[in-house]
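This is model-v8.txt (compact mmCIF, C-alpha atoms and all ligand atoms).
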```txt
# COMPACT_ATOMS: atom_id res chain seq x y z
CA MET A 222 174.59 96.11 94.90
CA GLU A 223 175.29 94.13 91.73
CA ALA A 224 178.46 95.27 89.93
CA PHE A 225 176.61 96.33 86.79
CA GLU A 226 174.50 98.82 88.73
CA LYS A 227 177.31 101.31 89.17
CA ASN A 228 177.57 101.61 85.38
CA ILE A 229 173.94 102.43 84.71
CA ARG A 230 173.33 105.97 83.44
CA ARG A 231 171.00 107.59 85.95
CA VAL A 232 169.01 110.73 85.22
CA ASP A 233 166.05 112.65 86.64
CA PRO A 234 163.71 112.32 83.69
CA TYR A 235 161.39 114.95 82.28
CA VAL A 236 157.84 114.59 83.58
CA PRO A 237 155.31 114.98 80.76
CA GLY A 238 151.85 116.42 81.44
CA GLU A 239 149.12 113.93 82.25
CA GLN A 240 147.11 112.31 79.43
CA PRO A 241 143.84 111.42 81.19
CA ARG A 242 142.12 108.26 79.95
CA GLN A 243 138.63 109.47 80.70
CA LYS A 244 136.95 112.41 78.96
CA ALA A 245 138.23 115.67 80.40
CA VAL A 246 138.58 119.36 79.71
CA LYS A 247 142.21 119.05 78.75
CA LEU A 248 144.05 122.31 79.19
CA ASN A 249 147.34 120.91 80.49
CA THR A 250 149.74 120.12 77.63
CA ASN A 251 149.26 122.99 75.17
CA GLU A 252 147.74 120.85 72.46
CA ASN A 253 145.42 122.38 69.89
CA PRO A 254 141.71 121.81 70.57
CA TYR A 255 140.91 121.89 66.83
CA PRO A 256 141.57 119.02 64.41
CA PRO A 257 144.47 119.11 61.94
CA ALA A 258 143.98 120.43 58.37
CA PRO A 259 141.46 118.45 56.30
CA GLY A 260 144.28 117.29 54.01
CA VAL A 261 145.68 115.30 56.93
CA ALA A 262 142.57 113.09 57.13
CA LYS A 263 142.75 112.62 53.36
CA ALA A 264 146.42 111.65 53.53
CA LEU A 265 145.62 109.03 56.16
CA ARG A 266 142.68 107.65 54.15
CA GLU A 267 144.88 107.36 51.09
CA MET A 268 147.65 105.48 52.88
CA ASP A 269 148.00 101.90 51.70
CA PRO A 270 148.66 99.61 54.69
CA ALA A 271 150.60 97.34 52.33
CA ASP A 272 153.27 100.07 52.10
CA LEU A 273 153.96 99.73 55.81
CA ARG A 274 156.21 96.75 55.07
CA LEU A 275 158.67 99.29 53.63
CA TYR A 276 160.84 101.63 55.66
CA PRO A 277 159.91 105.32 55.42
CA ASP A 278 162.03 107.83 53.46
CA PRO A 279 164.97 108.50 55.81
CA ALA A 280 165.55 111.93 54.23
CA CYS A 281 161.86 112.93 54.75
CA THR A 282 162.04 114.50 51.28
CA GLY A 283 158.40 115.54 50.75
CA LEU A 284 158.08 117.08 54.19
CA VAL A 285 161.43 118.86 53.94
CA GLU A 286 160.43 120.33 50.55
CA ALA A 287 157.08 121.53 51.92
CA LEU A 288 158.80 123.18 54.92
CA ALA A 289 161.49 124.77 52.74
CA ASP A 290 158.74 126.30 50.55
CA PHE A 291 156.75 127.43 53.58
CA HIS A 292 159.72 129.17 55.22
CA HIS A 293 161.40 130.36 51.99
CA VAL A 294 164.67 128.58 52.78
CA GLY A 295 166.72 125.94 50.96
CA LYS A 296 165.95 122.23 51.35
CA ASP A 297 169.45 121.89 52.76
CA GLN A 298 168.44 124.22 55.62
CA VAL A 299 165.73 121.97 57.08
CA PHE A 300 166.15 119.06 59.51
CA THR A 301 163.14 117.00 60.68
CA GLY A 302 162.64 114.71 63.67
CA VAL A 303 160.16 112.97 65.96
CA GLY A 304 158.77 116.07 67.63
CA SER A 305 160.95 119.03 68.46
CA ASP A 306 161.97 117.06 71.56
CA GLU A 307 163.97 114.67 69.38
CA VAL A 308 165.32 117.53 67.27
CA LEU A 309 166.42 119.41 70.39
CA ALA A 310 167.94 116.29 71.97
CA LEU A 311 170.02 115.78 68.80
CA CYS A 312 170.98 119.48 68.81
CA PHE A 313 172.31 119.19 72.37
CA LEU A 314 174.30 116.11 71.35
CA THR A 315 175.62 117.74 68.17
CA PHE A 316 176.41 121.30 69.20
CA PHE A 317 177.03 121.53 72.95
CA ASN A 318 180.42 119.84 73.26
CA SER A 319 182.88 122.54 74.28
CA GLY A 320 183.02 121.61 77.97
CA LYS A 321 182.00 125.17 78.85
CA PRO A 322 178.58 125.67 80.48
CA ILE A 323 175.64 126.20 78.18
CA LEU A 324 173.13 128.87 79.21
CA PHE A 325 169.35 128.75 79.50
CA PRO A 326 166.88 130.59 81.77
CA ASP A 327 166.12 129.36 85.31
CA ILE A 328 162.42 129.22 84.45
CA THR A 329 161.98 127.57 81.08
CA TYR A 330 161.21 124.29 79.33
CA SER A 331 162.32 121.74 81.90
CA PHE A 332 163.61 119.27 79.32
CA TYR A 333 166.76 121.41 78.71
CA LYS A 334 168.15 120.52 82.11
CA VAL A 335 167.36 116.84 81.55
CA TRP A 336 169.24 116.70 78.23
CA ALA A 337 172.18 118.58 79.74
CA GLN A 338 172.33 116.03 82.56
CA LEU A 339 171.85 113.09 80.19
CA TYR A 340 174.78 114.18 78.01
CA ARG A 341 176.80 115.52 80.95
CA ILE A 342 176.90 119.02 79.52
CA PRO A 343 177.66 121.65 82.17
CA PHE A 344 175.02 124.37 82.36
CA GLU A 345 174.14 127.65 84.06
CA THR A 346 170.64 129.03 84.42
CA PRO A 347 170.53 132.86 84.59
CA ALA A 348 167.44 134.02 86.49
CA LEU A 349 164.51 135.64 84.73
CA ASP A 350 163.86 139.14 86.14
CA ALA A 351 161.02 139.91 88.56
CA ASP A 352 158.58 140.22 85.63
CA PHE A 353 159.67 136.81 84.30
CA ARG A 354 161.58 138.36 81.37
CA ILE A 355 164.86 136.94 80.07
CA VAL A 356 167.77 139.30 80.88
CA LYS A 357 169.69 139.31 77.61
CA GLU A 358 172.90 140.69 79.13
CA ASP A 359 173.20 137.46 81.17
CA TYR A 360 173.90 135.69 77.87
CA TYR A 361 176.81 137.90 76.84
CA LYS A 362 179.43 136.04 78.87
CA GLU A 363 181.61 133.21 77.65
CA ASN A 364 179.62 129.99 77.32
CA GLY A 365 179.32 126.66 75.51
CA GLY A 366 176.05 127.52 73.73
CA VAL A 367 172.70 129.17 74.38
CA ILE A 368 169.15 127.90 74.20
CA PHE A 369 165.88 129.63 75.07
CA PRO A 370 162.29 129.31 73.92
CA ASN A 371 160.62 132.29 72.29
CA PRO A 372 157.91 132.68 73.52
CA ASN A 373 159.35 131.29 76.74
CA ALA A 374 157.53 128.47 78.50
CA PRO A 375 155.74 128.47 80.87
CA THR A 376 155.78 132.29 81.04
CA ALA A 377 154.29 132.79 77.50
CA ILE A 378 156.41 135.93 77.06
CA TYR A 379 157.68 136.72 73.55
CA GLU A 380 160.74 138.86 72.85
CA GLY A 381 161.15 140.65 69.52
CA LEU A 382 163.82 139.93 66.92
CA ASP A 383 166.03 142.84 68.10
CA PHE A 384 166.33 141.05 71.43
CA VAL A 385 167.18 137.74 69.72
CA GLU A 386 169.72 139.51 67.53
CA ASP A 387 171.42 141.08 70.54
CA ILE A 388 171.96 137.61 71.99
CA LEU A 389 173.20 136.32 68.61
CA CYS A 390 175.65 139.21 68.17
CA HIS A 391 177.23 138.46 71.53
CA ASN A 392 177.54 134.74 70.81
CA ARG A 393 179.16 134.49 67.39
CA ASP A 394 181.40 131.60 68.46
CA VAL A 395 178.75 129.25 69.83
CA ILE A 396 175.46 127.82 68.61
CA VAL A 397 172.34 129.69 69.71
CA ILE A 398 169.14 127.65 69.56
CA VAL A 399 165.82 129.51 69.58
CA ASP A 400 163.06 127.04 70.45
CA GLU A 401 159.98 128.40 68.69
CA ALA A 402 157.42 125.79 69.76
CA TYR A 403 154.84 128.57 70.29
CA ILE A 404 155.94 131.13 67.70
CA ASP A 405 152.81 130.78 65.57
CA TYR A 406 150.81 132.48 68.34
CA ALA A 407 153.38 135.27 68.78
CA GLY A 408 155.32 137.63 66.49
CA PRO A 409 157.97 137.30 63.77
CA SER A 410 160.12 134.18 63.76
CA ALA A 411 163.90 134.15 64.07
CA VAL A 412 163.92 132.14 60.83
CA GLU A 413 164.21 135.65 59.31
CA LEU A 414 167.69 135.90 60.83
CA ILE A 415 169.04 132.58 59.55
CA GLY A 416 170.67 134.21 56.50
CA SER A 417 172.59 136.65 58.70
CA TYR A 418 173.75 134.31 61.50
CA ASP A 419 175.33 130.96 60.66
CA ASN A 420 175.42 130.10 64.39
CA LEU A 421 171.60 130.29 64.71
CA LEU A 422 169.32 127.27 64.77
CA VAL A 423 165.55 127.69 65.06
CA THR A 424 163.33 124.77 66.09
CA GLN A 425 159.59 124.50 65.54
CA THR A 426 156.90 121.87 66.05
CA PHE A 427 153.72 120.43 64.53
CA SER A 428 152.36 119.70 68.01
CA LYS A 429 150.77 123.08 68.72
CA ALA A 430 149.44 125.30 65.93
CA ARG A 431 149.33 122.38 63.46
CA SER A 432 147.28 120.11 65.77
CA LEU A 433 149.55 117.10 65.21
CA ALA A 434 150.95 116.35 68.68
CA GLY A 435 149.93 112.72 68.22
CA MET A 436 152.05 112.36 65.09
CA ARG A 437 155.27 113.66 66.67
CA ILE A 438 156.84 115.98 64.09
CA GLY A 439 159.39 118.71 64.73
CA TYR A 440 162.09 120.45 62.75
CA ALA A 441 165.06 122.76 62.82
CA ILE A 442 166.06 125.47 60.35
CA GLY A 443 169.63 126.72 60.09
CA SER A 444 172.60 127.11 57.80
CA PRO A 445 173.35 124.15 55.48
CA LYS A 446 176.48 123.43 57.53
CA LEU A 447 174.58 123.06 60.83
CA ILE A 448 171.90 120.94 59.16
CA ARG A 449 174.59 118.64 57.70
CA CYS A 450 176.08 118.18 61.17
CA LEU A 451 172.65 117.29 62.56
CA HIS A 452 172.14 114.75 59.79
CA ASP A 453 175.50 113.13 60.54
CA VAL A 454 174.48 112.67 64.18
CA LYS A 455 170.99 111.46 63.27
CA TYR A 456 172.42 108.84 60.87
CA SER A 457 174.75 107.74 63.65
CA PHE A 458 171.79 107.11 65.92
CA ASN A 459 168.60 106.15 64.04
CA SER A 460 168.16 106.74 60.31
CA TYR A 461 164.40 106.14 60.10
CA THR A 462 162.92 108.63 62.51
CA LEU A 463 159.62 109.90 61.10
CA ASN A 464 157.23 107.12 60.10
CA ARG A 465 155.21 106.97 56.89
CA ALA A 466 151.99 108.32 58.43
CA ALA A 467 153.82 111.25 60.03
CA LEU A 468 155.52 112.16 56.76
CA ALA A 469 152.23 112.12 54.82
CA CYS A 470 150.30 114.05 57.48
CA GLY A 471 153.07 116.58 58.02
CA GLU A 472 153.33 117.42 54.34
CA ALA A 473 149.53 117.76 53.96
CA SER A 474 149.45 120.11 56.95
CA VAL A 475 152.18 122.41 55.65
CA ARG A 476 150.55 122.66 52.23
CA ASP A 477 147.34 124.12 53.76
CA ARG A 478 148.37 127.60 54.87
CA ALA A 479 144.80 128.97 54.99
CA TYR A 480 143.60 126.40 57.53
CA PHE A 481 146.73 126.93 59.65
CA GLU A 482 146.15 130.69 59.80
CA GLU A 483 142.45 130.32 60.50
CA THR A 484 143.08 127.99 63.47
CA ILE A 485 145.71 130.31 64.91
CA ALA A 486 143.30 133.26 64.64
CA LYS A 487 140.64 131.29 66.55
CA ILE A 488 143.05 130.48 69.38
CA ARG A 489 144.22 134.11 69.57
CA ARG A 490 140.61 135.33 69.85
CA THR A 491 139.84 132.84 72.61
CA ARG A 492 143.10 133.80 74.34
CA SER A 493 142.12 137.52 74.43
CA ARG A 494 138.70 136.71 75.84
CA ALA A 495 140.23 134.32 78.39
CA MET A 496 142.69 136.97 79.59
CA GLU A 497 139.78 139.39 80.11
CA ARG A 498 137.79 136.81 82.05
CA LEU A 499 140.77 135.86 84.21
CA ALA A 500 141.46 139.52 84.96
CA GLY A 501 137.80 139.94 85.93
CA LEU A 502 138.17 137.08 88.42
CA GLY A 503 141.18 138.78 90.00
CA PHE A 504 143.93 136.67 88.41
CA SER A 505 147.18 138.25 87.36
CA PHE A 506 149.22 136.85 84.49
CA THR A 507 151.97 137.62 82.04
CA GLU A 508 150.92 138.96 78.62
CA SER A 509 150.52 135.72 76.68
CA SER A 510 151.99 135.33 73.21
CA ALA A 511 151.43 131.57 73.25
CA ASN A 512 148.48 129.17 73.39
CA PHE A 513 148.55 129.14 77.19
CA ILE A 514 148.18 131.59 80.05
CA PHE A 515 150.42 131.53 83.11
CA ALA A 516 148.21 132.86 85.88
CA SER A 517 148.15 133.33 89.63
CA HIS A 518 145.53 134.58 92.06
CA PRO A 519 146.44 136.61 95.16
CA ASP A 520 143.86 134.80 97.34
CA CYS A 521 144.21 131.27 96.01
CA ASP A 522 146.65 128.51 96.73
CA ALA A 523 147.58 127.45 93.18
CA LYS A 524 148.27 123.83 94.15
CA GLU A 525 144.86 123.50 95.80
CA MET A 526 143.17 125.15 92.85
CA PHE A 527 144.99 122.77 90.48
CA ARG A 528 143.77 119.81 92.55
CA ALA A 529 140.20 121.07 92.72
CA LEU A 530 140.16 121.65 88.96
CA ARG A 531 141.49 118.16 88.34
CA GLU A 532 138.82 116.65 90.55
CA ALA A 533 136.24 118.46 88.45
CA GLY A 534 137.75 116.94 85.29
CA ILE A 535 139.52 120.13 84.22
CA TYR A 536 143.23 119.52 83.69
CA VAL A 537 145.71 122.40 83.85
CA ARG A 538 149.45 122.27 84.61
CA TYR A 539 151.11 123.06 87.95
CA TRP A 540 154.76 122.93 89.07
CA ASP A 541 155.60 122.84 92.75
CA SER A 542 158.93 124.56 92.19
CA ASP A 543 160.68 127.77 93.23
CA ARG A 544 159.31 131.08 91.93
CA ILE A 545 156.37 129.49 90.07
CA ARG A 546 154.48 127.54 92.74
CA ASP A 547 151.82 130.28 92.90
CA TYR A 548 150.94 129.82 89.23
CA ILE A 549 148.89 127.50 87.11
CA ARG A 550 149.37 127.19 83.36
CA ILE A 551 146.15 127.05 81.38
CA THR A 552 146.16 125.93 77.75
CA VAL A 553 143.79 127.90 75.54
CA GLY A 554 141.09 125.46 74.45
CA THR A 555 137.86 125.99 72.53
CA ASP A 556 135.45 128.70 73.72
CA GLU A 557 133.25 125.95 75.20
CA GLU A 558 136.13 124.43 77.14
CA MET A 559 137.11 127.83 78.48
CA GLU A 560 133.50 128.44 79.54
CA LYS A 561 133.65 125.25 81.61
CA LEU A 562 136.86 126.45 83.22
CA PHE A 563 135.40 129.86 84.05
CA ALA A 564 132.14 128.40 85.35
CA PHE A 565 134.20 126.28 87.73
CA LEU A 566 136.48 129.14 88.79
CA GLU A 567 133.55 131.49 89.41
CA GLU A 568 131.96 128.96 91.72
CA TYR A 569 135.28 128.14 93.36
CA MET A 570 135.91 131.81 94.15
CA ALA A 571 132.33 132.40 95.27
CA LYS A 572 132.67 129.67 97.89
CA GLY A 573 135.02 132.08 99.60
CA ASP A 574 136.70 129.34 101.57
CA LYS A 575 139.89 131.15 102.51
CA ARG A 576 141.70 127.92 103.15
CA THR A 577 141.50 126.83 99.55
CA CYS A 578 140.75 130.17 97.98
N1 LIG B 601 159.82 123.22 73.39
C1 LIG B 601 158.92 123.73 74.24
C2 LIG B 601 159.19 125.08 74.82
C3 LIG B 601 157.77 123.02 74.58
O1 LIG B 601 156.89 123.51 75.46
C4 LIG B 601 157.56 121.75 73.99
C5 LIG B 601 156.30 120.97 74.29
N2 LIG B 601 156.28 120.30 75.48
C6 LIG B 601 158.53 121.25 73.12
C7 LIG B 601 159.64 122.02 72.83
C8 LIG B 601 158.43 119.89 72.51
O2 LIG B 601 157.37 119.75 71.65
P1 LIG B 601 157.24 118.53 70.65
O3 LIG B 601 158.27 117.49 71.01
O4 LIG B 601 155.85 118.06 70.81
O5 LIG B 601 157.50 119.11 69.29
```
Would you write out, as structure tokens, the structure that this file holds?
Ligand code: PMP
Amino acid sequence: MEAFEKNIRRVDPYVPGEQPRQKAVKLNTNENPYPPAPGVAKALREMDPADLRLYPDPACTGLVEALADFHHVGKDQVFTGVGSDEVLALCFLTFFNSGKPILFPDITYSFYKVWAQLYRIPFETPALDADFRIVKEDYYKENGGVIFPNPNAPTAIYEGLDFVEDILCHNRDVIVIVDEAYIDYAGPSAVELIGSYDNLLVTQTFSKARSLAGMRIGYAIGSPKLIRCLHDVKYSFNSYTLNRAALACGEASVRDRAYFEETIAKIRRTRSRAMERLAGLGFSFTESSANFIFASHPDCDAKEMFRALREAGIYVRYWDSDRIRDYIRITVGTDEEMEKLFAFLEEYMAKGDKRTC
């Protein structure tokens, strides 16, 4: 072994969902099947390539103003980054430094564990209960910070603001991050609680309900003090995060509330119909408050089903890990895409091959 090798930082990286190169029914990474708001196309058309010689606005002023208006908070309460992944990575670096273990659920967004390992932050992962619900009392003990998604991923379960507040009340001395990547498909946002809890940070994304996964835009909302701390860390790492196209598209998206709400309503309608169809086929699943359904079938091997679907050009997500290896996660697509999924599943079940199903 060369001497330098012992000083390389080694981590088990996060594994992103597959992005197939050929045309597929893509229900595996919780993207939005509908295009972004029409203003986004206009913003791109109006971009002058000559401006690309200039750096983008490091303070992301236009986007921050649009988000502050949208959420009825101050401009000094908004922090933006390259997807909520970057925002969350900077939050871990900024806020989880006490040396005490941070807490997040055993079944949750798998990137949390990766960031904890990357930054050498100790962590504990309290188990979800048998119904895949977060047990709030597990978060009342001494800790170095708390993070959980609401709705949780991949379970799709949303907990109300009373639940979030109970966790906040018991954690006044640490930062509590509520990752609201899927909140637009669920209930009220914890942004409502920002004024009452200066230890609360809420993160959201443009990748799901705003149909802008390809632009990589995420943000955090919190007290001006927490946002200042995040800025200090960002400017100690990379000052120009969001590029010019992302800033223009992001702002155009936020300014079109009607389109945003219309798209969410469409996904919710398709989600209800999909849950009915899945139930009819004998699947069981958690009540989804997100744009995906976490489903299992008593007679089907989930891994085999995942493979068979993939072979048929229908991509869903599967994790071969404890407690969830009997489940597949299906992103809610268009009605047509869901029809293709159900047509396949009906045939797959009808085959009655007990080995695979
Ligand atoms: N949080 C959760 C719970 C997610 O599922 C995702 C999407 N993979 C993210 C954060 C990150 O989303 P993005 O970086 O696209 O904003």
### Query
How many Å lie between atom CA of Tyr569 of chain A and atom CA of Tyr539 of chain A, rounded to one decimal?
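Atom-to-atom, atom CA of Tyr569 of chain A and atom CA of Tyr539 of chain A are spaced 17.5 Å apart.
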### Message
Distance limit 9 Å, reference ligand LIG 601 (chain B), atoms considered: only C-alpha atoms and all ligand atoms. Which residues make the cut? Give them as a ChimeraX atom specification.
### Response
/A:237-238,250-252,302-309,329-333,369-375,400-403,424-429,433-440
### Task
Write out as JSON, numbers by chain which residues come within 9 Å of segment 344-357 of chain A when counting all atoms listed in the file, dropping same-chain ones fewer than 3 positions away.
{"A": [321, 322, 323, 324, 325, 326, 327, 328, 334, 337, 338, 360, 361, 364, 365, 369, 373, 376, 378, 379, 380, 384, 385, 387, 388, 507]}
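The closest residue to Ala479 of chain A, picked from A:Ala258, A:Phe515, A:Asp453, A:Gln298 and counting only C-alpha atoms, is A:Ala258.
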Six-sided padding of 8 Å per side, axis-aligned box over segment 536-542 of chain A, centre and edges in Å, one decimal, as AutoDock Vina command-line options:
```
--center_x 151.1 --center_y 122.0 --center_z 88.2 --size_x 31.7 --size_y 21.0 --size_z 25.1
```
### Task
With a distance cut-off of 10 Å and all atoms listed in the file, select the neighbouring residues of Ser505 of chain A, excluding the residue or stretch itself and same-chain residues fewer than 4 positions from it, and output the selection as a list in words.
Met496, Leu499, Ala500, Gly501, Ile514, Phe515, Ala516, Ser517, His518, Pro519 and Tyr548 of chain A
### Query
Just how far from atom CA of Ser432 of chain A is atom CA of Leu265 of chain A, in Å to one decimal?
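So the two atoms, atom CA of Leu265 of chain A and atom CA of Ser432 of chain A, lie 14.8 Å apart.
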### Task
Find the residues around segment 475-477 of chain A up to 12 Å (all atoms listed in the file counted), leave out those fewer than 4 positions away in its own chain, and share them as a count of residues only.
31
### Selected residue, from A:Ile442, A:Val236, A:Ala466, A:Ala224, that lies nearest to Trp540 of chain A when counting only C-alpha atoms
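Closest to Trp540 of chain A of all the choices is A:Val236.
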### Message
I'd like the neighbourhood of Ser493 of chain A as a PyMOL selection string, where a residue qualifies if any of its atoms comes within 12 Å (using all atoms listed in the file), though same-chain residues fewer than 3 positions away should be ignored.
### Response
chain A and resi 406+486-490+496-500+508-514+553+556+559
### Message
Considering only C-alpha atoms, can you say which of A:Leu422, A:Tyr480, A:Leu562, A:Ala377 comes closest to Phe506 of chain A?
### Response
A:Ala377
### Task
Using atom CA of Ala280 of chain A and atom CA of Gly443 of chain A as the two end points, give the distance in Å to one decimal.
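According to the coordinates, atom CA of Ala280 of chain A and atom CA of Gly443 of chain A are separated by 16.4 Å.
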### Residue with smallest distance to Leu389 of chain A - pool A:Asp269, A:Glu358, A:Glu557, A:Asp278, counting all atoms listed in the file
A:Glu358
